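Student: input.txt is the file, holding compact mmCIF, N, CA and C atoms:
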```txt
# COMPACT_ATOMS: atom_id res chain seq x y z
N PRO A 1374 -5.60 -13.22 -16.37
CA PRO A 1374 -6.46 -12.54 -15.40
C PRO A 1374 -5.74 -11.38 -14.72
N MET A 1375 -6.49 -10.35 -14.38
CA MET A 1375 -5.94 -9.17 -13.73
C MET A 1375 -5.57 -9.48 -12.28
N VAL A 1376 -4.53 -8.83 -11.78
CA VAL A 1376 -4.13 -8.99 -10.39
C VAL A 1376 -5.30 -8.57 -9.50
N ALA A 1377 -5.61 -9.40 -8.52
CA ALA A 1377 -6.72 -9.10 -7.60
C ALA A 1377 -6.43 -7.83 -6.81
N LEU A 1378 -7.46 -7.03 -6.64
CA LEU A 1378 -7.39 -5.82 -5.83
C LEU A 1378 -8.16 -6.10 -4.55
N ARG A 1379 -7.45 -6.10 -3.43
CA ARG A 1379 -8.08 -6.38 -2.14
C ARG A 1379 -8.16 -5.07 -1.38
N ILE A 1380 -9.36 -4.60 -1.11
CA ILE A 1380 -9.59 -3.32 -0.43
C ILE A 1380 -10.05 -3.62 0.98
N VAL A 1381 -9.20 -3.32 1.96
CA VAL A 1381 -9.48 -3.63 3.36
C VAL A 1381 -9.19 -2.41 4.23
N ASP A 1382 -10.13 -2.07 5.09
CA ASP A 1382 -9.90 -0.92 5.98
C ASP A 1382 -8.72 -1.17 6.91
N SER A 1383 -8.53 -2.43 7.30
CA SER A 1383 -7.41 -2.80 8.16
C SER A 1383 -6.58 -3.89 7.48
N ILE A 1384 -5.28 -3.71 7.47
CA ILE A 1384 -4.39 -4.69 6.85
C ILE A 1384 -4.49 -6.04 7.55
N THR A 1385 -5.01 -6.04 8.78
CA THR A 1385 -5.17 -7.29 9.53
C THR A 1385 -6.20 -8.22 8.86
N GLN A 1386 -6.98 -7.70 7.93
CA GLN A 1386 -7.99 -8.51 7.25
C GLN A 1386 -7.42 -9.37 6.13
N LEU A 1387 -6.15 -9.16 5.76
CA LEU A 1387 -5.55 -9.99 4.72
C LEU A 1387 -5.40 -11.43 5.20
N GLN A 1388 -5.51 -12.34 4.26
CA GLN A 1388 -5.38 -13.77 4.53
C GLN A 1388 -4.28 -14.35 3.64
N PRO A 1389 -3.78 -15.53 3.95
CA PRO A 1389 -2.76 -16.16 3.07
C PRO A 1389 -3.23 -16.29 1.62
N ALA A 1390 -4.53 -16.45 1.40
CA ALA A 1390 -5.06 -16.56 0.04
C ALA A 1390 -4.90 -15.26 -0.75
N ASP A 1391 -4.58 -14.16 -0.07
CA ASP A 1391 -4.41 -12.86 -0.73
C ASP A 1391 -3.00 -12.67 -1.30
N ALA A 1392 -2.14 -13.66 -1.18
CA ALA A 1392 -0.78 -13.56 -1.71
C ALA A 1392 -0.84 -13.16 -3.19
N GLY A 1393 0.00 -12.18 -3.55
CA GLY A 1393 0.07 -11.74 -4.93
C GLY A 1393 -0.93 -10.67 -5.32
N CYS A 1394 -1.82 -10.30 -4.41
CA CYS A 1394 -2.82 -9.27 -4.71
C CYS A 1394 -2.21 -7.87 -4.55
N ILE A 1395 -2.97 -6.88 -4.92
CA ILE A 1395 -2.66 -5.50 -4.56
C ILE A 1395 -3.54 -5.19 -3.37
N ALA A 1396 -2.92 -4.96 -2.22
CA ALA A 1396 -3.64 -4.74 -0.96
C ALA A 1396 -3.72 -3.26 -0.65
N LEU A 1397 -4.93 -2.72 -0.75
CA LEU A 1397 -5.18 -1.31 -0.43
C LEU A 1397 -5.81 -1.25 0.94
N SER A 1398 -5.16 -0.58 1.87
CA SER A 1398 -5.69 -0.53 3.23
C SER A 1398 -5.83 0.91 3.71
N GLY A 1399 -6.51 1.03 4.82
CA GLY A 1399 -6.60 2.31 5.50
C GLY A 1399 -5.66 2.35 6.69
N SER A 1400 -4.90 1.28 6.89
CA SER A 1400 -3.99 1.16 8.03
C SER A 1400 -2.79 2.09 7.88
N HIS A 1401 -2.20 2.44 9.02
CA HIS A 1401 -0.94 3.18 9.00
C HIS A 1401 0.16 2.28 8.46
N GLY A 1402 1.24 2.87 8.03
CA GLY A 1402 2.34 2.11 7.45
C GLY A 1402 3.42 1.76 8.45
N GLY A 1403 3.05 1.57 9.70
CA GLY A 1403 4.01 1.27 10.74
C GLY A 1403 4.43 -0.19 10.79
N ALA A 1404 5.27 -0.49 11.77
CA ALA A 1404 5.85 -1.82 11.90
C ALA A 1404 4.80 -2.90 12.13
N SER A 1405 3.81 -2.64 12.96
CA SER A 1405 2.81 -3.67 13.23
C SER A 1405 2.02 -4.01 11.98
N SER A 1406 1.70 -3.02 11.17
CA SER A 1406 0.98 -3.27 9.91
C SER A 1406 1.84 -4.07 8.94
N ALA A 1407 3.12 -3.77 8.91
CA ALA A 1407 4.03 -4.46 8.00
C ALA A 1407 4.07 -5.95 8.29
N ARG A 1408 4.00 -6.32 9.55
CA ARG A 1408 4.04 -7.74 9.91
C ARG A 1408 2.85 -8.49 9.32
N TYR A 1409 1.68 -7.88 9.31
CA TYR A 1409 0.50 -8.52 8.70
C TYR A 1409 0.70 -8.65 7.19
N ALA A 1410 1.25 -7.62 6.57
CA ALA A 1410 1.49 -7.68 5.12
C ALA A 1410 2.53 -8.74 4.78
N MET A 1411 3.56 -8.85 5.60
CA MET A 1411 4.59 -9.87 5.36
C MET A 1411 4.00 -11.27 5.39
N ALA A 1412 3.06 -11.50 6.28
CA ALA A 1412 2.44 -12.81 6.39
C ALA A 1412 1.60 -13.14 5.15
N ALA A 1413 0.94 -12.12 4.58
CA ALA A 1413 0.05 -12.35 3.42
C ALA A 1413 0.79 -12.29 2.08
N ARG A 1414 1.90 -11.54 2.02
CA ARG A 1414 2.75 -11.42 0.83
C ARG A 1414 2.03 -10.90 -0.43
N PRO A 1415 1.38 -9.74 -0.33
CA PRO A 1415 0.78 -9.15 -1.55
C PRO A 1415 1.87 -8.65 -2.51
N LEU A 1416 1.47 -8.46 -3.76
CA LEU A 1416 2.37 -7.85 -4.74
C LEU A 1416 2.75 -6.44 -4.29
N LEU A 1417 1.74 -5.71 -3.81
CA LEU A 1417 1.93 -4.34 -3.33
C LEU A 1417 1.01 -4.12 -2.14
N SER A 1418 1.54 -3.52 -1.09
CA SER A 1418 0.73 -3.11 0.06
C SER A 1418 0.69 -1.59 0.09
N VAL A 1419 -0.53 -1.06 0.25
CA VAL A 1419 -0.71 0.39 0.31
C VAL A 1419 -1.27 0.74 1.69
N PHE A 1420 -0.63 1.72 2.33
CA PHE A 1420 -1.01 2.17 3.67
C PHE A 1420 -1.23 3.68 3.66
N ASN A 1421 -1.64 4.20 4.81
CA ASN A 1421 -1.73 5.65 5.03
C ASN A 1421 -0.49 6.04 5.84
N ASP A 1422 0.13 7.17 5.51
CA ASP A 1422 1.34 7.56 6.25
C ASP A 1422 1.04 8.09 7.65
N ALA A 1423 -0.23 8.33 7.95
CA ALA A 1423 -0.67 8.75 9.29
C ALA A 1423 0.12 9.96 9.81
N GLY A 1424 0.54 10.82 8.90
CA GLY A 1424 1.30 12.00 9.30
C GLY A 1424 2.76 11.71 9.55
N VAL A 1425 3.20 10.52 9.26
CA VAL A 1425 4.57 10.02 9.41
C VAL A 1425 4.94 9.85 10.89
N GLY A 1426 4.81 10.89 11.69
CA GLY A 1426 5.01 10.77 13.13
C GLY A 1426 6.45 10.75 13.58
N LYS A 1427 6.58 10.60 14.90
CA LYS A 1427 7.88 10.59 15.55
C LYS A 1427 8.71 9.41 15.04
N ASP A 1428 9.97 9.68 14.75
CA ASP A 1428 10.89 8.65 14.26
C ASP A 1428 10.35 7.91 13.04
N ASP A 1429 9.55 8.61 12.22
CA ASP A 1429 8.97 8.03 11.00
C ASP A 1429 8.13 6.78 11.28
N ALA A 1430 7.49 6.73 12.44
CA ALA A 1430 6.72 5.55 12.84
C ALA A 1430 5.62 5.19 11.85
N GLY A 1431 5.00 6.18 11.20
CA GLY A 1431 3.90 5.92 10.29
C GLY A 1431 4.29 5.31 8.96
N ILE A 1432 5.60 5.29 8.68
CA ILE A 1432 6.07 4.70 7.42
C ILE A 1432 7.16 3.66 7.66
N ALA A 1433 7.41 3.29 8.91
CA ALA A 1433 8.48 2.36 9.26
C ALA A 1433 8.32 1.00 8.58
N GLY A 1434 7.10 0.62 8.31
CA GLY A 1434 6.85 -0.67 7.68
C GLY A 1434 7.37 -0.79 6.26
N LEU A 1435 7.54 0.33 5.57
CA LEU A 1435 8.01 0.28 4.20
C LEU A 1435 9.41 -0.33 4.12
N ALA A 1436 10.29 0.06 5.03
CA ALA A 1436 11.65 -0.50 5.04
C ALA A 1436 11.62 -1.98 5.43
N MET A 1437 10.76 -2.33 6.38
CA MET A 1437 10.65 -3.74 6.78
C MET A 1437 10.18 -4.60 5.61
N LEU A 1438 9.20 -4.10 4.87
CA LEU A 1438 8.69 -4.85 3.72
C LEU A 1438 9.73 -4.92 2.61
N GLN A 1439 10.48 -3.84 2.41
CA GLN A 1439 11.56 -3.87 1.41
C GLN A 1439 12.57 -4.94 1.78
N ALA A 1440 12.92 -5.03 3.05
CA ALA A 1440 13.89 -6.04 3.49
C ALA A 1440 13.36 -7.46 3.25
N ALA A 1441 12.04 -7.60 3.24
CA ALA A 1441 11.42 -8.91 2.97
C ALA A 1441 11.14 -9.11 1.47
N GLY A 1442 11.59 -8.15 0.65
CA GLY A 1442 11.40 -8.26 -0.80
C GLY A 1442 10.00 -7.93 -1.26
N LEU A 1443 9.27 -7.12 -0.47
CA LEU A 1443 7.89 -6.80 -0.79
C LEU A 1443 7.70 -5.30 -1.04
N ALA A 1444 6.90 -5.00 -2.04
CA ALA A 1444 6.62 -3.60 -2.41
C ALA A 1444 5.58 -3.00 -1.47
N ALA A 1445 5.80 -1.75 -1.09
CA ALA A 1445 4.86 -1.05 -0.22
C ALA A 1445 4.97 0.45 -0.43
N CYS A 1446 3.84 1.11 -0.25
CA CYS A 1446 3.82 2.56 -0.33
C CYS A 1446 2.78 3.10 0.64
N THR A 1447 2.82 4.40 0.84
CA THR A 1447 1.81 5.07 1.65
C THR A 1447 1.19 6.19 0.84
N VAL A 1448 -0.04 6.52 1.21
CA VAL A 1448 -0.67 7.73 0.71
C VAL A 1448 -0.62 8.76 1.84
N SER A 1449 -0.68 10.00 1.47
CA SER A 1449 -0.63 11.08 2.45
C SER A 1449 -1.91 11.13 3.29
N HIS A 1450 -1.73 11.34 4.57
CA HIS A 1450 -2.88 11.49 5.47
C HIS A 1450 -3.72 12.72 5.13
N THR A 1451 -3.13 13.65 4.39
CA THR A 1451 -3.90 14.84 3.99
C THR A 1451 -4.72 14.59 2.72
N SER A 1452 -4.49 13.45 2.08
CA SER A 1452 -5.22 13.14 0.85
C SER A 1452 -6.30 12.09 1.05
N ALA A 1453 -6.13 11.22 2.04
CA ALA A 1453 -7.07 10.11 2.25
C ALA A 1453 -7.33 9.94 3.74
N ARG A 1454 -8.51 9.44 4.05
CA ARG A 1454 -8.89 9.21 5.44
C ARG A 1454 -8.18 7.98 6.00
N ILE A 1455 -7.60 8.12 7.16
CA ILE A 1455 -6.98 6.99 7.85
C ILE A 1455 -8.08 6.01 8.23
N GLY A 1456 -7.84 4.74 7.97
CA GLY A 1456 -8.80 3.70 8.34
C GLY A 1456 -9.87 3.43 7.30
N GLN A 1457 -9.84 4.16 6.18
CA GLN A 1457 -10.86 3.98 5.15
C GLN A 1457 -10.19 3.67 3.81
N ALA A 1458 -10.17 2.39 3.48
CA ALA A 1458 -9.48 1.95 2.26
C ALA A 1458 -10.11 2.52 1.00
N ASP A 1459 -11.43 2.72 0.99
CA ASP A 1459 -12.06 3.32 -0.19
C ASP A 1459 -11.50 4.71 -0.45
N SER A 1460 -11.22 5.46 0.60
CA SER A 1460 -10.62 6.79 0.47
C SER A 1460 -9.17 6.69 0.00
N THR A 1461 -8.47 5.65 0.46
CA THR A 1461 -7.10 5.43 0.00
C THR A 1461 -7.07 5.33 -1.52
N LEU A 1462 -7.99 4.53 -2.08
CA LEU A 1462 -8.02 4.34 -3.53
C LEU A 1462 -8.55 5.56 -4.25
N ALA A 1463 -9.65 6.11 -3.80
CA ALA A 1463 -10.32 7.21 -4.52
C ALA A 1463 -9.56 8.52 -4.43
N ASP A 1464 -8.97 8.81 -3.26
CA ASP A 1464 -8.42 10.14 -3.00
C ASP A 1464 -6.92 10.17 -2.76
N GLY A 1465 -6.32 9.00 -2.52
CA GLY A 1465 -4.94 8.96 -2.07
C GLY A 1465 -3.93 9.48 -3.08
N VAL A 1466 -2.96 10.21 -2.55
CA VAL A 1466 -1.80 10.66 -3.30
C VAL A 1466 -0.59 10.00 -2.63
N VAL A 1467 0.20 9.29 -3.41
CA VAL A 1467 1.33 8.56 -2.86
C VAL A 1467 2.32 9.54 -2.23
N SER A 1468 2.69 9.25 -0.98
CA SER A 1468 3.64 10.10 -0.27
C SER A 1468 5.01 9.45 -0.14
N HIS A 1469 5.05 8.14 0.03
CA HIS A 1469 6.31 7.40 0.18
C HIS A 1469 6.18 6.06 -0.51
N ALA A 1470 7.29 5.57 -1.07
CA ALA A 1470 7.29 4.25 -1.72
C ALA A 1470 8.67 3.63 -1.53
N ASN A 1471 8.68 2.35 -1.17
CA ASN A 1471 9.98 1.68 -1.07
C ASN A 1471 10.49 1.35 -2.48
N LEU A 1472 11.71 0.89 -2.56
CA LEU A 1472 12.33 0.64 -3.86
C LEU A 1472 11.54 -0.41 -4.65
N ALA A 1473 11.07 -1.45 -3.98
CA ALA A 1473 10.30 -2.48 -4.67
C ALA A 1473 9.03 -1.90 -5.29
N ALA A 1474 8.38 -0.97 -4.59
CA ALA A 1474 7.18 -0.32 -5.14
C ALA A 1474 7.54 0.58 -6.32
N ARG A 1475 8.65 1.28 -6.20
CA ARG A 1475 9.09 2.14 -7.31
C ARG A 1475 9.41 1.30 -8.55
N THR A 1476 9.95 0.12 -8.33
CA THR A 1476 10.25 -0.79 -9.42
C THR A 1476 8.97 -1.21 -10.13
N LEU A 1477 7.87 -1.28 -9.39
CA LEU A 1477 6.57 -1.61 -9.97
C LEU A 1477 5.92 -0.40 -10.66
N GLY A 1478 6.56 0.77 -10.54
CA GLY A 1478 6.03 1.97 -11.18
C GLY A 1478 5.27 2.90 -10.27
N ILE A 1479 5.34 2.69 -8.97
CA ILE A 1479 4.64 3.55 -8.01
C ILE A 1479 5.52 4.76 -7.70
N GLU A 1480 4.98 5.95 -7.94
CA GLU A 1480 5.75 7.18 -7.77
C GLU A 1480 5.11 8.12 -6.77
N PRO A 1481 5.86 8.58 -5.77
CA PRO A 1481 5.35 9.59 -4.84
C PRO A 1481 4.99 10.88 -5.56
N GLY A 1482 3.99 11.56 -5.02
CA GLY A 1482 3.56 12.83 -5.57
C GLY A 1482 2.43 12.71 -6.58
N LEU A 1483 2.11 11.47 -6.97
CA LEU A 1483 1.06 11.24 -7.96
C LEU A 1483 -0.13 10.54 -7.33
N ALA A 1484 -1.29 10.74 -7.91
CA ALA A 1484 -2.51 10.07 -7.43
C ALA A 1484 -2.32 8.55 -7.48
N LEU A 1485 -2.81 7.88 -6.47
CA LEU A 1485 -2.66 6.43 -6.39
C LEU A 1485 -3.47 5.68 -7.43
N LYS A 1486 -4.73 6.04 -7.59
CA LYS A 1486 -5.64 5.23 -8.41
C LYS A 1486 -5.13 4.95 -9.82
N PRO A 1487 -4.69 5.96 -10.59
CA PRO A 1487 -4.19 5.64 -11.93
C PRO A 1487 -2.94 4.76 -11.91
N GLN A 1488 -2.13 4.87 -10.87
CA GLN A 1488 -0.94 4.03 -10.76
C GLN A 1488 -1.33 2.58 -10.50
N ILE A 1489 -2.37 2.37 -9.70
CA ILE A 1489 -2.87 1.02 -9.42
C ILE A 1489 -3.46 0.43 -10.70
N GLU A 1490 -4.23 1.23 -11.42
CA GLU A 1490 -4.83 0.75 -12.67
C GLU A 1490 -3.76 0.35 -13.67
N GLN A 1491 -2.69 1.15 -13.76
CA GLN A 1491 -1.59 0.83 -14.68
C GLN A 1491 -0.87 -0.44 -14.24
N LEU A 1492 -0.67 -0.59 -12.94
CA LEU A 1492 -0.01 -1.78 -12.40
C LEU A 1492 -0.84 -3.02 -12.71
N GLN A 1493 -2.15 -2.92 -12.56
CA GLN A 1493 -3.02 -4.05 -12.88
C GLN A 1493 -2.93 -4.43 -14.37
N ARG A 1494 -2.87 -3.43 -15.24
CA ARG A 1494 -2.76 -3.71 -16.68
C ARG A 1494 -1.44 -4.40 -17.00
N ARG A 1495 -0.37 -3.94 -16.37
CA ARG A 1495 0.96 -4.53 -16.64
C ARG A 1495 1.07 -5.96 -16.13
N HIS A 1496 0.32 -6.29 -15.08
CA HIS A 1496 0.41 -7.62 -14.49
C HIS A 1496 -0.79 -8.48 -14.84
N ALA A 1497 -1.50 -8.11 -15.92
CA ALA A 1497 -2.67 -8.90 -16.33
C ALA A 1497 -2.22 -10.15 -17.04
```
Output the file's structure in the form of structure tokens.
Tutor:
Amino acid sequence: PMVALRIVDSITQLQPADAGCIALSGSHGGASSARYAMAARPLLSVFNDAGVGKDDAGIAGLAMLQAAGLAACTVSHTSARIGQADSTLADGVVSHANLAARTLGIEPGLALKPQIEQLQRRHA
């Protein structure tokens, strides 16, 4: 079976049953979002970089998730609407990826959707 794709506008909607899924969210990639992803343990968590912000606040969660052994990436706020997971998937261009996400084949600068489709095929 293909890896489940969970599309949630807010990462807070993930549940323990979502462990191992690909979680596409409209949430920023900050520390508070990372804590929700750590609790659910998806294969990959996708966030919006929210413009990155002061002290890289919009992508701070990527390092936290890497430290927990979890893959995470962000899409650029200029490519997808913040808070809208459907836009993350349809329009998102990866802006940042932690090492675990890169190991899964997620590359910054490329459209997210084909990378997710390839990841699903590899983990089918």
Student: Compute the distance from (-8.5, 8.0, 2.3) to each atom, counting only N, CA and C atoms, keep the residues with any atom at most 8 Å away, and return them as a ChimeraX atom specification; use the coordinates of the file.
Tutor: /A:1398-1399,1421,1448-1466
Student: Enumerate, as a PDB file with N, CA and C atoms, keeping the file's coordinate frame, the complete set of residues in chain A that a backbone-based DSSP assignment places in strand (DSSP E).
Tutor:
```
ATOM      1  N   LEU A1378      -7.460  -7.030  -6.640  1.00  0.00           N
ATOM      2  CA  LEU A1378      -7.390  -5.820  -5.830  1.00  0.00           C
ATOM      3  C   LEU A1378      -8.160  -6.100  -4.550  1.00  0.00           C
ATOM      4  N   ARG A1379      -7.450  -6.100  -3.430  1.00  0.00           N
ATOM      5  CA  ARG A1379      -8.080  -6.380  -2.140  1.00  0.00           C
ATOM      6  C   ARG A1379      -8.160  -5.070  -1.380  1.00  0.00           C
ATOM      7  N   ILE A1380      -9.360  -4.600  -1.110  1.00  0.00           N
ATOM      8  CA  ILE A1380      -9.590  -3.320  -0.430  1.00  0.00           C
ATOM      9  C   ILE A1380     -10.050  -3.620   0.980  1.00  0.00           C
ATOM     10  N   VAL A1381      -9.200  -3.320   1.960  1.00  0.00           N
ATOM     11  CA  VAL A1381      -9.480  -3.630   3.360  1.00  0.00           C
ATOM     12  C   VAL A1381      -9.190  -2.410   4.230  1.00  0.00           C
ATOM     13  N   ILE A1395      -2.970  -6.880  -4.920  1.00  0.00           N
ATOM     14  CA  ILE A1395      -2.660  -5.500  -4.560  1.00  0.00           C
ATOM     15  C   ILE A1395      -3.540  -5.190  -3.370  1.00  0.00           C
ATOM     16  N   ALA A1396      -2.920  -4.960  -2.220  1.00  0.00           N
ATOM     17  CA  ALA A1396      -3.640  -4.740  -0.960  1.00  0.00           C
ATOM     18  C   ALA A1396      -3.720  -3.260  -0.650  1.00  0.00           C
ATOM     19  N   LEU A1397      -4.930  -2.720  -0.750  1.00  0.00           N
ATOM     20  CA  LEU A1397      -5.180  -1.310  -0.430  1.00  0.00           C
ATOM     21  C   LEU A1397      -5.810  -1.250   0.940  1.00  0.00           C
ATOM     22  N   SER A1398      -5.160  -0.580   1.870  1.00  0.00           N
ATOM     23  CA  SER A1398      -5.690  -0.530   3.230  1.00  0.00           C
ATOM     24  C   SER A1398      -5.830   0.910   3.710  1.00  0.00           C
ATOM     25  N   GLY A1399      -6.510   1.030   4.820  1.00  0.00           N
ATOM     26  CA  GLY A1399      -6.600   2.310   5.500  1.00  0.00           C
ATOM     27  C   GLY A1399      -5.660   2.350   6.690  1.00  0.00           C
ATOM     28  N   SER A1400      -4.900   1.280   6.890  1.00  0.00           N
ATOM     29  CA  SER A1400      -3.990   1.160   8.030  1.00  0.00           C
ATOM     30  C   SER A1400      -2.790   2.090   7.880  1.00  0.00           C
ATOM     31  N   HIS A1401      -2.200   2.440   9.020  1.00  0.00           N
ATOM     32  CA  HIS A1401      -0.940   3.180   9.000  1.00  0.00           C
ATOM     33  C   HIS A1401       0.160   2.280   8.460  1.00  0.00           C
ATOM     34  N   LEU A1417       1.740  -5.710  -3.810  1.00  0.00           N
ATOM     35  CA  LEU A1417       1.930  -4.340  -3.330  1.00  0.00           C
ATOM     36  C   LEU A1417       1.010  -4.120  -2.140  1.00  0.00           C
ATOM     37  N   SER A1418       1.540  -3.520  -1.090  1.00  0.00           N
ATOM     38  CA  SER A1418       0.730  -3.110   0.060  1.00  0.00           C
ATOM     39  C   SER A1418       0.690  -1.590   0.090  1.00  0.00           C
ATOM     40  N   VAL A1419      -0.530  -1.060   0.250  1.00  0.00           N
ATOM     41  CA  VAL A1419      -0.710   0.390   0.310  1.00  0.00           C
ATOM     42  C   VAL A1419      -1.270   0.740   1.690  1.00  0.00           C
ATOM     43  N   PHE A1420      -0.630   1.720   2.330  1.00  0.00           N
ATOM     44  CA  PHE A1420      -1.010   2.170   3.670  1.00  0.00           C
ATOM     45  C   PHE A1420      -1.230   3.680   3.660  1.00  0.00           C
ATOM     46  N   ASN A1421      -1.640   4.200   4.810  1.00  0.00           N
ATOM     47  CA  ASN A1421      -1.730   5.650   5.030  1.00  0.00           C
ATOM     48  C   ASN A1421      -0.490   6.040   5.840  1.00  0.00           C
ATOM     49  N   ALA A1444       6.900  -5.000  -2.040  1.00  0.00           N
ATOM     50  CA  ALA A1444       6.620  -3.600  -2.410  1.00  0.00           C
ATOM     51  C   ALA A1444       5.580  -3.000  -1.470  1.00  0.00           C
ATOM     52  N   ALA A1445       5.800  -1.750  -1.090  1.00  0.00           N
ATOM     53  CA  ALA A1445       4.860  -1.050  -0.220  1.00  0.00           C
ATOM     54  C   ALA A1445       4.970   0.450  -0.430  1.00  0.00           C
ATOM     55  N   CYS A1446       3.840   1.110  -0.250  1.00  0.00           N
ATOM     56  CA  CYS A1446       3.820   2.560  -0.330  1.00  0.00           C
ATOM     57  C   CYS A1446       2.780   3.100   0.640  1.00  0.00           C
ATOM     58  N   THR A1447       2.820   4.400   0.840  1.00  0.00           N
ATOM     59  CA  THR A1447       1.810   5.070   1.650  1.00  0.00           C
ATOM     60  C   THR A1447       1.190   6.190   0.840  1.00  0.00           C
ATOM     61  N   VAL A1448      -0.040   6.520   1.210  1.00  0.00           N
ATOM     62  CA  VAL A1448      -0.670   7.730   0.710  1.00  0.00           C
ATOM     63  C   VAL A1448      -0.620   8.760   1.840  1.00  0.00           C
ATOM     64  N   VAL A1467       0.200   9.290  -3.410  1.00  0.00           N
ATOM     65  CA  VAL A1467       1.330   8.560  -2.860  1.00  0.00           C
ATOM     66  C   VAL A1467       2.320   9.540  -2.230  1.00  0.00           C
ATOM     67  N   SER A1468       2.690   9.250  -0.980  1.00  0.00           N
ATOM     68  CA  SER A1468       3.640  10.100  -0.270  1.00  0.00           C
ATOM     69  C   SER A1468       5.010   9.450  -0.140  1.00  0.00           C
ATOM     70  N   HIS A1469       5.050   8.140   0.030  1.00  0.00           N
ATOM     71  CA  HIS A1469       6.310   7.400   0.180  1.00  0.00           C
ATOM     72  C   HIS A1469       6.180   6.060  -0.510  1.00  0.00           C
ATOM     73  N   ALA A1470       7.290   5.570  -1.070  1.00  0.00           N
ATOM     74  CA  ALA A1470       7.290   4.250  -1.720  1.00  0.00           C
ATOM     75  C   ALA A1470       8.670   3.630  -1.530  1.00  0.00           C
TER      76      ALA A1470
END
```
Student: What are the DSSP alpha helix (DSSP H) residues of chain A, as JSON, numbers by chain?
Tutor: {"A": [1404, 1405, 1406, 1407, 1408, 1409, 1410, 1411, 1412, 1413, 1433, 1434, 1435, 1436, 1437, 1438, 1439, 1440, 1458, 1459, 1460, 1461, 1462, 1463, 1464, 1472, 1473, 1474, 1475, 1476, 1485, 1486, 1487, 1488, 1489, 1490, 1491, 1492, 1493, 1494, 1495]}
Student: Show me, as JSON, the centre and edge lengths in Å to one decimal of the axis-aligned box that covers every listed atom of stretch 1479-1490 of chain A with 8 Å on each side.
Tutor:
```
{"center_x": 0.1, "center_y": 6.6, "center_z": -9.3, "size_x": 27.5, "size_y": 28.5, "size_z": 24.8}
```
Student: Just the residues within 7 Å of A:Gly1403, please, counting all atoms listed in the file, with nothing from its chain fewer than 4 positions along; format it as an MDAnalysis selection string.
Tutor: chainID A and resid 1407:1408 1421 1429:1435
Student: Create the file for the chosen residues now, containing N, CA and C atoms and written as a PDB file, in the frame of the given file.
Tutor:
```pdb
ATOM      1  N   ALA A1407       3.120  -3.770   8.910  1.00  0.00           N
ATOM      2  CA  ALA A1407       4.030  -4.460   8.000  1.00  0.00           C
ATOM      3  C   ALA A1407       4.070  -5.950   8.290  1.00  0.00           C
ATOM      4  N   ARG A1408       4.000  -6.320   9.550  1.00  0.00           N
ATOM      5  CA  ARG A1408       4.040  -7.740   9.910  1.00  0.00           C
ATOM      6  C   ARG A1408       2.850  -8.490   9.320  1.00  0.00           C
ATOM      7  N   ASN A1421      -1.640   4.200   4.810  1.00  0.00           N
ATOM      8  CA  ASN A1421      -1.730   5.650   5.030  1.00  0.00           C
ATOM      9  C   ASN A1421      -0.490   6.040   5.840  1.00  0.00           C
ATOM     10  N   ASP A1429       9.550   8.610  12.220  1.00  0.00           N
ATOM     11  CA  ASP A1429       8.970   8.030  11.000  1.00  0.00           C
ATOM     12  C   ASP A1429       8.130   6.780  11.280  1.00  0.00           C
ATOM     13  N   ALA A1430       7.490   6.730  12.440  1.00  0.00           N
ATOM     14  CA  ALA A1430       6.720   5.550  12.840  1.00  0.00           C
ATOM     15  C   ALA A1430       5.620   5.190  11.850  1.00  0.00           C
ATOM     16  N   GLY A1431       5.000   6.180  11.200  1.00  0.00           N
ATOM     17  CA  GLY A1431       3.900   5.920  10.290  1.00  0.00           C
ATOM     18  C   GLY A1431       4.290   5.310   8.960  1.00  0.00           C
ATOM     19  N   ILE A1432       5.600   5.290   8.680  1.00  0.00           N
ATOM     20  CA  ILE A1432       6.070   4.700   7.420  1.00  0.00           C
ATOM     21  C   ILE A1432       7.160   3.660   7.660  1.00  0.00           C
ATOM     22  N   ALA A1433       7.410   3.290   8.910  1.00  0.00           N
ATOM     23  CA  ALA A1433       8.480   2.360   9.260  1.00  0.00           C
ATOM     24  C   ALA A1433       8.320   1.000   8.580  1.00  0.00           C
ATOM     25  N   GLY A1434       7.100   0.620   8.310  1.00  0.00           N
ATOM     26  CA  GLY A1434       6.850  -0.670   7.680  1.00  0.00           C
ATOM     27  C   GLY A1434       7.370  -0.790   6.260  1.00  0.00           C
ATOM     28  N   LEU A1435       7.540   0.330   5.570  1.00  0.00           N
ATOM     29  CA  LEU A1435       8.010   0.280   4.200  1.00  0.00           C
ATOM     30  C   LEU A1435       9.410  -0.330   4.120  1.00  0.00           C
TER      31      LEU A1435
END
```
Student: Could you name the residues that touch A:Gly1482 at 7 Å or less, counting all atoms listed in the file, but leaving out those on the same chain fewer than 3 positions away, as a list in words?
Tutor: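 Counting all atoms listed in the file, the residues come to Val1466, Val1467, Ser1468 and His1469 of chain A.
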Student: In terms of the shortest atom-to-atom distance over only C-alpha atoms, which of A:Ala1444, A:Met1375, A:Ile1380, A:Met1437 is closest to A:Ser1405?
Tutor: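 Smallest separation from A:Ser1405 among the options: A:Met1437.
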Student: Which residues are close to A:Ala1473, i.e. within 8 Å by only N, CA and C atoms, leaving aside same-chain residues fewer than 5 positions away? Reply as a count of residues only.
Tutor: 11
Student: Work out how far atom C of A:Ala1413 is from atom CA of A:Gln1388, in Å to one decimal.
Tutor: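 Atom CA of A:Gln1388 sits 6.8 Å away from atom C of A:Ala1413.
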Student: Would you please work out which residue, of A:Leu1492, A:Val1419, A:Val1376, A:Met1411, is nearest to A:Ala1396 when using all atoms listed in the file?
Tutor: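 Closest residue, counting all atoms listed in the file: A:Val1419.
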Student: Please indicate the distance in Å from atom CA of A:Ala1441 to atom N of A:Pro1374, rounded to one decimal place.
Tutor: 26.1 Å
Student: Between atom CA of A:Arg1414 and atom CA of A:Ala1390, measure the distance and give it in Å to one decimal.
Tutor: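 About the pair atom CA of A:Arg1414 and atom CA of A:Ala1390: they are 9.4 Å apart.
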Student: Which residue is closest to A:Ala1423? Choose from A:His1401, A:Tyr1409, A:Gln1386, A:Ile1395 and count only C-alpha atoms.
Tutor: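 Smallest separation from A:Ala1423 among the options: A:His1401.
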